[in-house]
file input.txt (compact mmCIF, C-alpha atoms)
# COMPACT_ATOMS: atom_id res chain seq x y z
CA MET X 115 194.90 87.57 149.73
CA GLU X 116 193.34 86.93 146.32
CA HIS X 117 193.80 89.45 143.54
CA ARG X 118 190.28 90.35 142.44
CA ILE X 119 189.74 90.55 138.68
CA VAL X 120 186.31 91.66 137.49
CA VAL X 121 185.41 91.33 133.80
CA LEU X 122 182.43 93.34 132.60
CA GLY X 123 180.60 91.85 129.64
CA ALA X 124 180.69 88.31 128.24
CA GLY X 125 180.64 88.91 124.53
CA TYR X 126 183.50 87.59 122.42
CA THR X 127 186.10 89.78 124.09
CA GLY X 128 185.03 89.59 127.72
CA ALA X 129 184.50 85.84 127.67
CA VAL X 130 187.85 85.23 125.96
CA ALA X 131 189.67 87.50 128.41
CA ALA X 132 188.12 85.80 131.45
CA GLY X 133 188.91 82.30 130.21
CA ARG X 134 192.45 83.20 129.23
CA LEU X 135 193.14 84.82 132.60
CA ALA X 136 191.85 81.71 134.37
CA LYS X 137 194.33 79.61 132.43
CA ARG X 138 197.24 82.03 132.87
CA LEU X 139 197.01 82.56 136.64
CA HIS X 140 197.04 80.20 139.60
CA ARG X 141 193.56 79.67 140.99
CA GLU X 142 194.61 80.19 144.60
CA ASP X 143 195.98 83.65 143.82
CA VAL X 144 193.11 85.24 141.88
CA ARG X 145 189.36 85.51 141.94
CA ILE X 146 187.90 86.11 138.47
CA THR X 147 184.31 87.34 138.27
CA LEU X 148 182.58 87.65 134.90
CA VAL X 149 179.53 89.92 134.93
CA ASN X 150 176.89 89.50 132.23
CA PRO X 151 173.09 89.94 132.18
CA GLU X 152 172.41 86.76 130.18
CA PRO X 153 173.34 83.15 130.99
CA ASP X 154 174.18 82.22 127.40
CA PHE X 155 176.87 83.38 125.01
CA VAL X 156 175.45 85.42 122.11
CA GLU X 157 177.06 84.84 118.71
CA ARG X 158 176.68 88.41 117.57
CA VAL X 159 178.14 87.67 114.14
CA ARG X 160 175.15 85.37 113.51
CA LEU X 161 172.31 87.62 114.66
CA HIS X 162 171.28 88.37 111.08
CA GLN X 163 170.66 84.62 110.73
CA LEU X 164 168.51 84.63 113.86
CA ALA X 165 166.51 87.58 112.51
CA ALA X 166 165.94 85.74 109.22
CA GLY X 167 164.31 82.81 111.01
CA GLN X 168 167.17 80.43 111.74
CA ASP X 169 167.75 78.87 115.16
CA LEU X 170 171.17 79.23 116.77
CA ARG X 171 172.83 76.67 118.96
CA PRO X 172 172.56 77.57 122.66
CA ARG X 173 175.91 78.10 124.40
CA PRO X 174 175.38 78.29 128.19
CA PHE X 175 178.21 79.97 130.11
CA GLY X 176 177.72 77.42 132.88
CA GLU X 177 179.01 74.74 130.53
CA MET X 178 181.66 76.89 128.86
CA PHE X 179 183.33 77.91 132.14
CA ALA X 180 182.75 74.71 134.11
CA GLY X 181 185.89 73.82 136.03
CA THR X 182 187.82 76.96 135.03
CA GLY X 183 187.42 78.88 138.28
CA VAL X 184 185.63 81.76 136.52
CA GLU X 185 182.64 82.90 138.60
CA LEU X 186 179.71 84.05 136.46
CA LYS X 187 177.51 86.76 137.98
CA LEU X 188 174.25 87.25 136.12
CA ALA X 189 173.67 90.96 136.50
CA LYS X 190 173.56 94.26 134.68
CA VAL X 191 176.30 96.82 135.25
CA THR X 192 174.80 100.09 136.46
CA ALA X 193 177.89 102.08 137.49
CA VAL X 194 181.69 101.95 137.60
CA ASP X 195 183.80 104.01 139.99
CA VAL X 196 187.38 103.80 138.79
CA ASP X 197 188.71 105.89 141.66
CA ARG X 198 187.14 103.72 144.37
CA LYS X 199 187.73 100.62 142.20
CA THR X 200 184.17 99.37 142.50
CA VAL X 201 181.40 98.25 140.16
CA VAL X 202 177.69 98.43 140.94
CA VAL X 203 175.51 95.70 139.45
CA ALA X 204 171.83 94.79 139.53
CA ALA X 205 170.88 91.12 139.32
CA ALA X 206 167.86 90.19 137.20
CA ASN X 207 164.61 89.85 139.17
CA THR X 208 166.41 90.78 142.39
CA PRO X 209 165.74 94.08 144.19
CA GLY X 210 168.60 96.33 145.18
CA ARG X 211 172.14 96.75 143.96
CA GLU X 212 175.42 94.99 144.76
CA GLU X 213 178.85 96.57 144.85
CA LEU X 214 181.84 94.57 143.60
CA ALA X 215 185.36 95.65 144.51
CA TYR X 216 188.21 94.92 142.12
CA ASP X 217 191.97 95.11 141.95
CA THR X 218 191.97 94.81 138.15
CA LEU X 219 189.01 95.61 135.91
CA VAL X 220 188.53 94.36 132.35
CA TYR X 221 185.91 96.55 130.68
CA ALA X 222 184.29 94.70 127.76
CA LEU X 223 180.76 96.08 127.65
CA GLY X 224 180.95 96.46 123.88
CA SER X 225 178.51 98.36 121.72
CA GLY X 226 174.93 98.42 120.54
CA TRP X 227 173.09 99.92 117.65
CA ASN X 228 173.35 103.59 116.87
CA ASP X 229 170.28 105.37 115.53
CA GLY X 230 172.41 108.41 114.74
CA GLY X 231 169.69 110.73 116.02
CA VAL X 232 167.76 110.29 112.77
CA PRO X 233 164.10 111.20 113.35
CA GLY X 234 161.83 108.18 113.65
CA THR X 235 164.59 105.60 113.84
CA ALA X 236 164.22 104.75 117.53
CA GLU X 237 160.43 104.50 117.14
CA HIS X 238 160.14 102.60 113.88
CA ALA X 239 163.39 100.85 112.94
CA HIS X 240 164.69 97.41 113.94
CA GLU X 241 168.26 96.43 114.83
CA VAL X 242 170.34 93.24 114.69
CA SER X 243 173.11 94.16 117.12
CA SER X 244 171.48 92.37 120.09
CA ARG X 245 169.62 89.11 120.55
CA PRO X 246 166.40 90.80 121.74
CA GLY X 247 166.54 93.10 118.71
CA ALA X 248 167.10 90.21 116.32
CA LEU X 249 164.22 88.27 117.85
CA ARG X 250 161.87 91.25 117.52
CA LEU X 251 162.84 91.60 113.87
CA ARG X 252 162.36 87.85 113.37
CA ASP X 253 158.78 88.08 114.66
CA ARG X 254 158.04 91.15 112.55
CA LEU X 255 159.35 89.56 109.35
CA ALA X 256 157.39 86.38 110.01
CA ALA X 257 154.20 88.44 110.19
CA LEU X 258 154.74 90.09 106.79
CA ASP X 259 152.68 89.00 103.82
CA ALA X 260 154.33 88.26 100.49
CA GLY X 261 155.32 91.28 98.43
CA ARG X 262 155.70 93.65 101.36
CA PRO X 263 158.72 96.01 101.34
CA VAL X 264 161.69 95.70 103.69
CA VAL X 265 164.50 98.29 103.69
CA VAL X 266 167.91 97.72 105.22
CA VAL X 267 169.66 101.02 105.90
CA GLY X 268 173.45 100.82 105.86
CA GLY X 269 175.79 99.37 103.25
CA GLY X 270 178.49 98.06 105.60
CA LEU X 271 179.13 94.46 106.58
CA THR X 272 176.11 94.22 108.89
CA GLY X 273 173.77 95.75 106.34
CA LEU X 274 174.95 93.50 103.53
CA GLU X 275 174.65 90.37 105.65
CA ALA X 276 171.19 91.33 106.93
CA ALA X 277 169.81 92.23 103.50
CA THR X 278 171.09 89.12 101.75
CA GLU X 279 170.02 86.79 104.58
CA ILE X 280 166.50 88.20 104.61
CA ALA X 281 166.23 88.13 100.81
CA GLU X 282 167.38 84.51 100.66
CA ALA X 283 165.13 83.36 103.51
CA ARG X 284 162.09 85.33 102.25
CA PRO X 285 162.32 85.63 98.45
CA ASP X 286 158.64 86.64 98.49
CA LEU X 287 159.49 89.97 100.13
CA ASP X 288 160.58 93.14 98.33
CA VAL X 289 163.99 93.74 99.94
CA ALA X 290 165.95 96.95 99.36
CA LEU X 291 169.29 98.26 100.67
CA ALA X 292 170.04 101.95 101.16
CA ALA X 293 173.79 102.68 101.16
CA ARG X 294 175.38 106.02 101.97
CA GLY X 295 177.95 105.56 99.19
CA ALA X 296 178.38 103.19 96.27
CA LEU X 297 177.65 99.53 96.91
CA GLY X 298 180.72 97.93 98.49
CA ASP X 299 182.87 100.97 97.73
CA TRP X 300 185.59 99.81 100.17
CA LEU X 301 186.04 96.48 98.37
CA SER X 302 188.36 95.62 95.50
CA GLU X 303 187.03 95.68 91.94
CA LYS X 304 186.58 91.90 92.01
CA GLY X 305 184.84 92.10 95.35
CA ARG X 306 182.44 94.80 94.18
CA ALA X 307 181.61 92.86 91.02
CA HIS X 308 180.79 89.69 92.94
CA LEU X 309 178.74 91.59 95.49
CA ARG X 310 176.72 93.23 92.70
CA ARG X 311 176.04 89.90 91.00
CA THR X 312 174.92 88.32 94.25
CA VAL X 313 172.52 91.05 95.36
CA ASP X 314 171.07 91.25 91.84
CA GLY X 315 170.57 87.48 91.88
CA LEU X 316 168.70 87.74 95.17
CA GLY X 317 166.46 90.46 93.75
CA ILE X 318 167.60 93.15 96.18
CA THR X 319 166.99 96.73 95.07
CA ILE X 320 170.01 98.94 95.76
CA HIS X 321 169.69 102.64 96.53
CA GLU X 322 173.22 104.06 96.33
CA HIS X 323 174.35 107.45 97.68
CA ALA X 324 171.20 107.43 99.78
CA VAL X 325 171.53 109.16 103.14
CA VAL X 326 168.39 108.33 105.08
CA ASP X 327 167.33 111.31 107.19
CA ALA X 328 163.88 110.19 108.35
CA VAL X 329 162.16 106.93 109.19
CA GLU X 330 158.39 106.49 109.35
CA ALA X 331 156.22 103.45 110.00
CA ASP X 332 155.81 102.73 106.29
CA ARG X 333 158.75 104.45 104.56
CA VAL X 334 162.19 106.00 104.75
CA THR X 335 163.14 109.34 103.24
CA THR X 336 166.58 110.27 101.95
CA ALA X 337 168.35 113.60 102.10
CA ASP X 338 167.92 114.07 98.35
CA GLY X 339 164.16 113.64 98.55
CA ARG X 340 163.73 109.98 97.64
CA THR X 341 160.97 108.06 99.41
CA VAL X 342 161.38 104.31 99.75
CA PRO X 343 158.40 102.22 100.95
CA ALA X 344 159.19 100.11 104.03
CA ASP X 345 156.84 98.02 106.12
CA VAL X 346 160.01 97.07 108.03
CA THR X 347 163.15 99.18 108.34
CA VAL X 348 166.36 97.55 109.55
CA TRP X 349 168.93 100.11 110.77
CA THR X 350 172.60 99.07 110.48
CA THR X 351 174.52 102.29 109.97
CA GLY X 352 176.96 101.88 112.85
CA PHE X 353 177.51 101.10 116.50
CA ALA X 354 177.44 103.16 119.68
CA VAL X 355 179.51 102.11 122.69
CA HIS X 356 177.91 101.28 126.03
CA PRO X 357 177.27 104.58 127.89
CA ILE X 358 178.59 103.50 131.31
CA ALA X 359 182.15 104.67 130.56
CA ARG X 360 181.00 108.26 130.03
CA ALA X 361 180.03 108.49 133.70
CA THR X 362 183.53 107.52 134.86
CA ALA X 363 186.82 109.40 135.18
CA LEU X 364 188.41 107.28 132.44
CA GLU X 365 190.02 109.08 129.51
CA LEU X 366 187.72 108.63 126.53
CA THR X 367 187.52 109.56 122.87
CA ASP X 368 184.79 111.92 121.71
CA GLY X 369 182.80 108.81 120.79
CA GLY X 370 182.95 107.45 124.33
CA ARG X 371 185.55 104.71 123.77
CA ILE X 372 188.23 104.13 126.41
CA VAL X 373 191.72 105.19 125.34
CA VAL X 374 194.20 102.35 125.91
CA ASP X 375 197.87 101.65 125.27
CA ALA X 376 199.36 98.72 123.33
CA THR X 377 198.58 96.33 126.22
CA MET X 378 194.92 97.46 126.33
CA ARG X 379 195.45 99.25 129.64
CA SER X 380 193.69 102.55 130.23
CA VAL X 381 196.06 105.48 129.76
CA SER X 382 194.43 107.27 132.72
CA HIS X 383 193.74 104.40 135.15
CA PRO X 384 196.28 101.56 135.06
CA ASP X 385 194.02 99.21 137.04
CA VAL X 386 191.56 99.21 134.14
CA TYR X 387 191.91 97.35 130.85
CA ALA X 388 189.43 97.79 127.99
CA VAL X 389 188.90 95.49 125.03
CA GLY X 390 186.70 95.20 121.97
CA ASP X 391 184.32 97.91 120.80
CA ALA X 392 184.57 99.66 124.18
CA ALA X 393 188.22 100.62 123.59
CA THR X 394 190.16 102.53 121.01
CA ALA X 395 193.59 101.11 120.24
CA THR X 396 196.07 101.83 117.50
CA GLY X 397 196.69 99.23 114.82
CA PRO X 398 199.04 99.00 111.83
CA GLY X 399 199.87 102.29 110.17
CA GLY X 400 198.75 104.22 113.23
CA LYS X 401 195.09 103.68 112.34
CA PRO X 402 192.51 102.97 115.06
CA LEU X 403 191.31 99.38 115.10
CA ARG X 404 187.79 99.10 113.78
CA MET X 405 184.88 97.80 115.83
CA SER X 406 184.80 94.11 114.96
CA CYS X 407 185.33 90.61 116.26
CA ALA X 408 188.53 90.55 114.18
CA SER X 409 189.90 93.36 116.35
CA GLY X 410 188.28 92.50 119.66
CA VAL X 411 189.51 88.94 120.18
CA PRO X 412 193.21 89.78 119.69
CA MET X 413 192.69 92.75 122.02
CA ALA X 414 191.33 90.36 124.66
CA TRP X 415 194.34 88.05 124.22
CA GLN X 416 196.71 90.99 124.64
CA ALA X 417 194.94 92.34 127.72
CA ALA X 418 194.78 88.96 129.47
CA ASP X 419 198.41 88.19 128.75
CA ALA X 420 199.52 91.65 129.91
CA ILE X 421 197.54 91.38 133.16
CA ALA X 422 198.96 87.94 133.89
CA ALA X 423 202.51 89.05 133.13
CA ARG X 424 202.30 92.15 135.32
CA LEU X 425 200.87 90.17 138.23
CA ALA X 426 203.49 87.45 137.87
CA GLY X 427 206.33 89.92 137.36
CA THR X 428 207.30 88.46 133.97
CA LYS X 429 207.94 90.03 130.58
CA ILE X 430 204.84 91.50 128.99
CA PRO X 431 204.19 89.89 125.59
CA SER X 432 203.20 92.15 122.73
CA VAL X 433 201.88 90.83 119.43
CA PRO X 434 200.88 93.50 116.89
CA ILE X 435 197.21 93.27 115.93
CA ARG X 436 196.73 93.18 112.18
CA TYR X 437 194.03 92.28 109.67
CA PHE X 438 193.99 89.50 107.08
CA GLN X 439 190.52 89.53 105.54
CA GLN X 440 186.98 90.79 105.76
CA CYS X 441 184.48 87.92 105.77
CA ILE X 442 180.98 88.64 104.46
CA SER X 443 178.18 86.08 104.36
CA LEU X 444 175.73 86.73 101.54
CA GLY X 445 173.06 84.27 102.59
CA ARG X 446 173.76 80.64 103.36
CA LYS X 447 175.01 79.69 99.89
CA GLU X 448 177.15 82.67 98.95
CA GLY X 449 179.93 84.65 100.52
CA LEU X 450 182.76 87.07 99.89
CA ILE X 451 186.16 86.95 101.51
CA GLN X 452 187.97 90.21 100.77
CA PHE X 453 191.66 89.87 101.60
CA VAL X 454 193.23 93.03 103.00
CA THR X 455 196.51 94.59 104.02
CA ALA X 456 197.61 94.65 107.65
CA ASP X 457 195.89 98.02 108.06
CA ASP X 458 192.63 96.77 106.50
CA ARG X 459 192.85 98.06 102.92
CA ALA X 460 191.43 95.82 100.20
CA VAL X 461 193.77 94.01 97.83
CA ASP X 462 192.87 92.36 94.52
CA LYS X 463 192.58 88.85 95.98
CA VAL X 464 189.10 87.61 96.90
CA LEU X 465 187.36 84.31 97.54
CA THR X 466 183.75 84.02 96.37
CA GLY X 467 180.85 81.61 96.01
CA ARG X 468 180.23 78.49 98.07
CA ALA X 469 183.90 78.29 99.04
CA ALA X 470 183.62 81.75 100.59
CA ALA X 471 180.37 80.82 102.36
CA PHE X 472 182.12 77.76 103.84
CA TYR X 473 185.14 79.89 104.81
CA LYS X 474 182.92 82.40 106.62
CA GLU X 475 181.06 79.60 108.37
CA MET X 476 184.35 78.19 109.64
CA ILE X 477 185.34 81.67 110.87
CA CYS X 478 182.06 81.96 112.81
CA LYS X 479 182.39 78.49 114.29
CA GLY X 480 186.03 79.16 115.13
CA ALA X 481 185.15 82.39 116.93
CA ALA X 482 182.54 80.66 119.10
CA TRP X 483 184.83 77.69 119.73
CA GLY X 484 187.60 80.08 120.73
CA VAL X 485 185.37 81.64 123.39
CA ALA X 486 184.79 78.22 124.94
CA HIS X 487 188.45 77.20 124.51
CA PRO X 488 190.42 80.46 124.94
CA THR X 489 193.67 78.78 125.94
CA VAL X 490 194.29 76.08 123.36
CA GLY X 491 197.99 76.03 122.51
CA MET X 492 198.92 77.88 125.70
CA PRO X 493 201.22 76.39 128.33
CA GLY X 494 199.31 74.38 130.93
CA ARG X 495 201.25 75.78 133.89
CA ARG X 496 199.56 78.68 135.67
CA ARG X 497 201.65 81.56 137.00
CA ARG X 498 201.72 82.59 140.63
CA VAL X 499 200.98 86.20 141.50
CA ALA X 500 204.28 87.73 142.56
CA GLN X 501 202.95 90.17 145.13
CA GLN X 502 199.78 91.84 146.31
CA GLU X 503 199.69 95.60 146.53
CA THR X 504 196.80 97.95 147.04
CA GLY X 505 196.14 101.63 146.94
CA THR X 506 198.72 104.21 145.91
CA ALA X 507 201.67 101.79 145.87
CA ALA X 508 199.96 99.56 143.34
CA ARG X 509 199.09 102.51 141.13
CA VAL X 510 202.66 103.80 141.16
CA ARG X 511 204.11 100.39 140.27
CA ALA X 512 201.50 99.70 137.59
CA ALA X 513 202.13 103.05 135.94
CA ALA X 514 205.86 102.44 135.77

call {"tool": "encode", "arguments": {"input": "input.txt", "output": "structure tokens"}}
result
Amino acid sequence: MEHRIVVLGAGYTGAVAAGRLAKRLHREDVRITLVNPEPDFVERVRLHQLAAGQDLRPRPFGEMFAGTGVELKLAKVTAVDVDRKTVVVAAANTPGREELAYDTLVYALGSGWNDGGVPGTAEHAHEVSSRPGALRLRDRLAALDAGRPVVVVGGGLTGLEAATEIAEARPDLDVALAARGALGDWLSEKGRAHLRRTVDGLGITIHEHAVVDAVEADRVTTADGRTVPADVTVWTTGFAVHPIARATALELTDGGRIVVDATMRSVSHPDVYAVGDAATATGPGGKPLRMSCASGVPMAWQAADAIAARLAGTKIPSVPIRYFQQCISLGRKEGLIQFVTADDRAVDKVLTGRAAAFYKEMICKGAAWGVAHPTVGMPGRRRRVAQQETGTAARVRAAA
């Protein structure tokens, strides 16, 4: 009897986990189903480029997983029952729902944009956390006449990359950035200085310590009474996890993320593993890992390796997840690589300029290549599943 592994979501983490599991386990022993609503892999770390008018290389899953044994199911997840161990999905353009049973679930539904409940944001703002959102913003920017104002709300990595990409691609627009704190306040002194020079060179107006509390069709308003004109508002203040988990019996954080152990296994349901933005795991110094590709891919490696080891009855590998740098593209010609401690605190060392832009480009290409080749450097021999258990016996053994 095959052990049924269902992976929900084919972003960086879900796709990596599925491919790695296919390489780790013998094909006759497992059935791996990857559920995703789109047939192509979305390079989320490049969506600001798409929004600014650039075309991205298509990456069809059919090509990426050809010959691996991973079955791709094009469908949207509508419900998860972790007690019955089933997932309900709805295929595009197909009436009705389908129920998938699993023995092991990998939950990688990720996150989307978070409007924070700010009045007017959902109605008037644009987002770059999804391909449809980036394409809508692309069309809106293309329709703007020269001199029109664009405001990017949020001074984090996404906001900085969106603002600089738009300003470089459309120097005829009046681009502004509204940051809750000081510009780049988490960076080192060298990093902040380079960031300031770059945004000034691109002609971006910076509104620091500006908490936007209302968005209208032609402006944003800050908590201290400032009004900033905006024909287009781009909202990048944070991410919200996919809501499906809240309707399950899984143990969650207040923010709706699944609580997992060091192997990315749910602390409440040992048949469920969660990776990427959907999960909250502890990193160096006892700090939660931040929502990022830098956290999510190592989480997917750990989950896949732990699942394979438990099924094969071998030692569970454990490699601590740590940070090395924060990579920020500042348009196509500039970048900033802020090197950090293991727990993600900035150090003095930075890389800037064209070298940093090239470095970031290699990171992006490497991330996409890693999705299509999740097992490079791994042993070629697949492990056999040691035994098949179901029901209460499996839960007792898995929890041990």

call {"tool": "atom_distance", "arguments": {"input": "input.txt", "atom1": "atom CA of Gly226 of chain X", "atom2": "atom CA of Gly176 of chain X"}}
result
24.5 Å

call {"tool": "residues_around", "arguments": {"input": "input.txt", "residues": "Gly339 of chain X", "least_positions_apart": "6", "cutoff": "12 Å", "atoms": "all atoms listed in the file", "output": "ChimeraX atom specification"}}
result
/X:323-328

call {"tool": "residues_around", "arguments": {"input": "input.txt", "residues": "Phe353 of chain X", "least_positions_apart": "3", "cutoff": "12 Å", "atoms": "all atoms listed in the file", "output": "PyMOL selection string"}}
result
chain X and resi 224-230+241-244+268+270+272+349-350+356-357+369-371+391-392+404-406

call {"tool": "closest_atom_pairs", "arguments": {"input": "input.txt", "of": "segment 212-325 of chain X", "to": "segment 181-191 of chain X", "cutoff": "10 Å", "atoms": "only C-alpha atoms", "output": "JSON lines"}}
result
{"residue": "X:Glu212", "atom": "CA", "partner": "X:Ala189", "partner_atom": "CA", "distance": 9.4}
{"residue": "X:Glu213", "atom": "CA", "partner": "X:Val191", "partner_atom": "CA", "distance": 9.9}
{"residue": "X:Leu223", "atom": "CA", "partner": "X:Val191", "partner_atom": "CA", "distance": 8.8}

call {"tool": "residues_around", "arguments": {"input": "input.txt", "residues": "segment 151-155 of chain X", "least_positions_apart": "5", "cutoff": "10 Å", "atoms": "all atoms listed in the file", "output": "list of chain:residue names"}}
result
X:Leu122, X:Gly123, X:Ala124, X:Gly125, X:Tyr126, X:Ala129, X:Arg171, X:Pro172, X:Arg173, X:Pro174, X:Phe175, X:Gly176, X:Glu177, X:Met178, X:Leu186, X:Lys187, X:Leu188, X:Ala189, X:Lys190, X:Val191, X:Val203, X:Ala204, X:Ala205, X:Ala206, X:Ala482, X:Val485, X:Ala486

call {"tool": "closest_residue", "arguments": {"input": "input.txt", "among": "X:Leu139, X:Ala165, X:Cys407, X:Val389", "to": "Val348 of chain X", "atoms": "only C-alpha atoms"}}
result
X:Ala165

call {"tool": "closest_residue", "arguments": {"input": "input.txt", "among": "X:Arg436, X:Arg424, X:Arg360, X:Arg160", "to": "Val194 of chain X", "atoms": "only C-alpha atoms"}}
result
X:Arg360

call {"tool": "atom_distance", "arguments": {"input": "input.txt", "atom1": "atom CA of Lys137 of chain X", "atom2": "atom CA of Gly427 of chain X"}}
result
16.6 Å

call {"tool": "residues_around", "arguments": {"input": "input.txt", "residues": "Ala131 of chain X", "least_positions_apart": "4", "cutoff": "7 Å", "atoms": "only C-alpha atoms", "output": "ChimeraX atom specification"}}
result
/X:127,135,414-415,418

call {"tool": "closest_residue", "arguments": {"input": "input.txt", "among": "X:Ala180, X:Gly315, X:Val265, X:Ile451", "to": "Asp345 of chain X", "atoms": "only C-alpha atoms"}}
result
X:Val265

call {"tool": "closest_residue", "arguments": {"input": "input.txt", "among": "X:Ile442, X:Val220, X:Ile435, X:Ala248", "to": "Thr312 of chain X", "atoms": "only C-alpha atoms"}}
result
X:Ile442

call {"tool": "atom_distance", "arguments": {"input": "input.txt", "atom1": "atom CA of His238 of chain X", "atom2": "atom CA of Leu258 of chain X"}}
result
15.4 Å

call {"tool": "axis_aligned_box", "arguments": {"input": "input.txt", "around": "segment 174-187 of chain X", "padding_each_side": "6 Å", "output": "JSON"}}
result
{"center_x": 181.6, "center_y": 80.3, "center_z": 133.4, "size_x": 24.4, "size_y": 24.9, "size_z": 22.4}

call {"tool": "closest_residue", "arguments": {"input": "input.txt", "among": "X:Val156, X:Leu271, X:Ala344, X:Glu330", "to": "Glu237 of chain X", "atoms": "all atoms listed in the file"}}
result
X:Glu330

call {"tool": "residues_around", "arguments": {"input": "input.txt", "residues": "segment 361-368 of chain X", "least_positions_apart": "3", "cutoff": "12 Å", "atoms": "only C-alpha atoms", "output": "VMD selection string"}}
result
chain X and resid 192 to 201 221 354 to 358 371 to 375 379 to 388 392 to 395 402

call {"tool": "closest_residue", "arguments": {"input": "input.txt", "among": "X:Ala426, X:Phe472, X:Gly231, X:Pro412", "to": "Val130 of chain X", "atoms": "all atoms listed in the file"}}
result
X:Pro412

call {"tool": "build_atoms", "arguments": {"input": "input.txt", "residues": "segment 237-256 of chain X", "atoms": "N, CA and C atoms", "output": "mmCIF file, keeping the file's coordinate frame"}}
result
data_model
loop_
_atom_site.group_PDB
_atom_site.id
_atom_site.type_symbol
_atom_site.label_atom_id
_atom_site.label_comp_id
_atom_site.auth_asym_id
_atom_site.auth_seq_id
_atom_site.Cartn_x
_atom_site.Cartn_y
_atom_site.Cartn_z
ATOM 1 N N GLU X 237 161.827 104.915 117.045
ATOM 2 C CA GLU X 237 160.430 104.500 117.140
ATOM 3 C C GLU X 237 160.056 103.413 116.149
ATOM 4 N N HIS X 238 160.637 103.454 114.947
ATOM 5 C CA HIS X 238 160.140 102.600 113.880
ATOM 6 C C HIS X 238 161.126 101.574 113.331
ATOM 7 N N ALA X 239 162.408 101.751 113.560
ATOM 8 C CA ALA X 239 163.390 100.850 112.940
ATOM 9 C C ALA X 239 163.716 99.668 113.845
ATOM 10 N N HIS X 240 164.222 98.601 113.235
ATOM 11 C CA HIS X 240 164.690 97.410 113.940
ATOM 12 C C HIS X 240 166.210 97.342 113.871
ATOM 13 N N GLU X 241 166.803 96.591 114.810
ATOM 14 C CA GLU X 241 168.260 96.430 114.830
ATOM 15 C C GLU X 241 168.621 94.961 114.986
ATOM 16 N N VAL X 242 169.850 94.621 114.587
ATOM 17 C CA VAL X 242 170.340 93.240 114.690
ATOM 18 C C VAL X 242 171.663 93.195 115.449
ATOM 19 N N SER X 243 171.869 94.150 116.347
ATOM 20 C CA SER X 243 173.110 94.160 117.120
ATOM 21 C C SER X 243 172.948 93.500 118.483
ATOM 22 N N SER X 244 171.734 93.061 118.811
ATOM 23 C CA SER X 244 171.480 92.370 120.090
ATOM 24 C C SER X 244 170.520 91.219 119.832
ATOM 25 N N ARG X 245 170.539 90.239 120.711
ATOM 26 C CA ARG X 245 169.620 89.110 120.550
ATOM 27 C C ARG X 245 168.162 89.537 120.687
ATOM 28 N N PRO X 246 167.797 90.356 121.681
ATOM 29 C CA PRO X 246 166.400 90.800 121.740
ATOM 30 C C PRO X 246 165.961 91.539 120.477
ATOM 31 N N GLY X 247 166.868 92.378 119.936
ATOM 32 C CA GLY X 247 166.540 93.100 118.710
ATOM 33 C C GLY X 247 166.349 92.161 117.534
ATOM 34 N N ALA X 248 167.218 91.180 117.402
ATOM 35 C CA ALA X 248 167.100 90.210 116.320
ATOM 36 C C ALA X 248 165.833 89.387 116.427
ATOM 37 N N LEU X 249 165.444 89.038 117.650
ATOM 38 C CA LEU X 249 164.220 88.270 117.850
ATOM 39 C C LEU X 249 162.980 89.096 117.530
ATOM 40 N N ARG X 250 163.003 90.383 117.880
ATOM 41 C CA ARG X 250 161.870 91.250 117.520
ATOM 42 C C ARG X 250 161.742 91.363 116.010
ATOM 43 N N LEU X 251 162.872 91.519 115.331
ATOM 44 C CA LEU X 251 162.840 91.600 113.870
ATOM 45 C C LEU X 251 162.358 90.282 113.272
ATOM 46 N N ARG X 252 162.788 89.176 113.833
ATOM 47 C CA ARG X 252 162.360 87.850 113.370
ATOM 48 C C ARG X 252 160.827 87.738 113.402
ATOM 49 N N ASP X 253 160.235 88.149 114.529
ATOM 50 C CA ASP X 253 158.780 88.080 114.660
ATOM 51 C C ASP X 253 158.086 88.999 113.665
ATOM 52 N N ARG X 254 158.667 90.179 113.478
ATOM 53 C CA ARG X 254 158.040 91.150 112.550
ATOM 54 C C ARG X 254 158.101 90.641 111.122
ATOM 55 N N LEU X 255 159.226 90.083 110.714
ATOM 56 C CA LEU X 255 159.350 89.560 109.350
ATOM 57 C C LEU X 255 158.396 88.386 109.130
ATOM 58 N N ALA X 256 158.264 87.538 110.143
ATOM 59 C CA ALA X 256 157.390 86.380 110.010
ATOM 60 C C ALA X 256 155.932 86.791 109.810
#
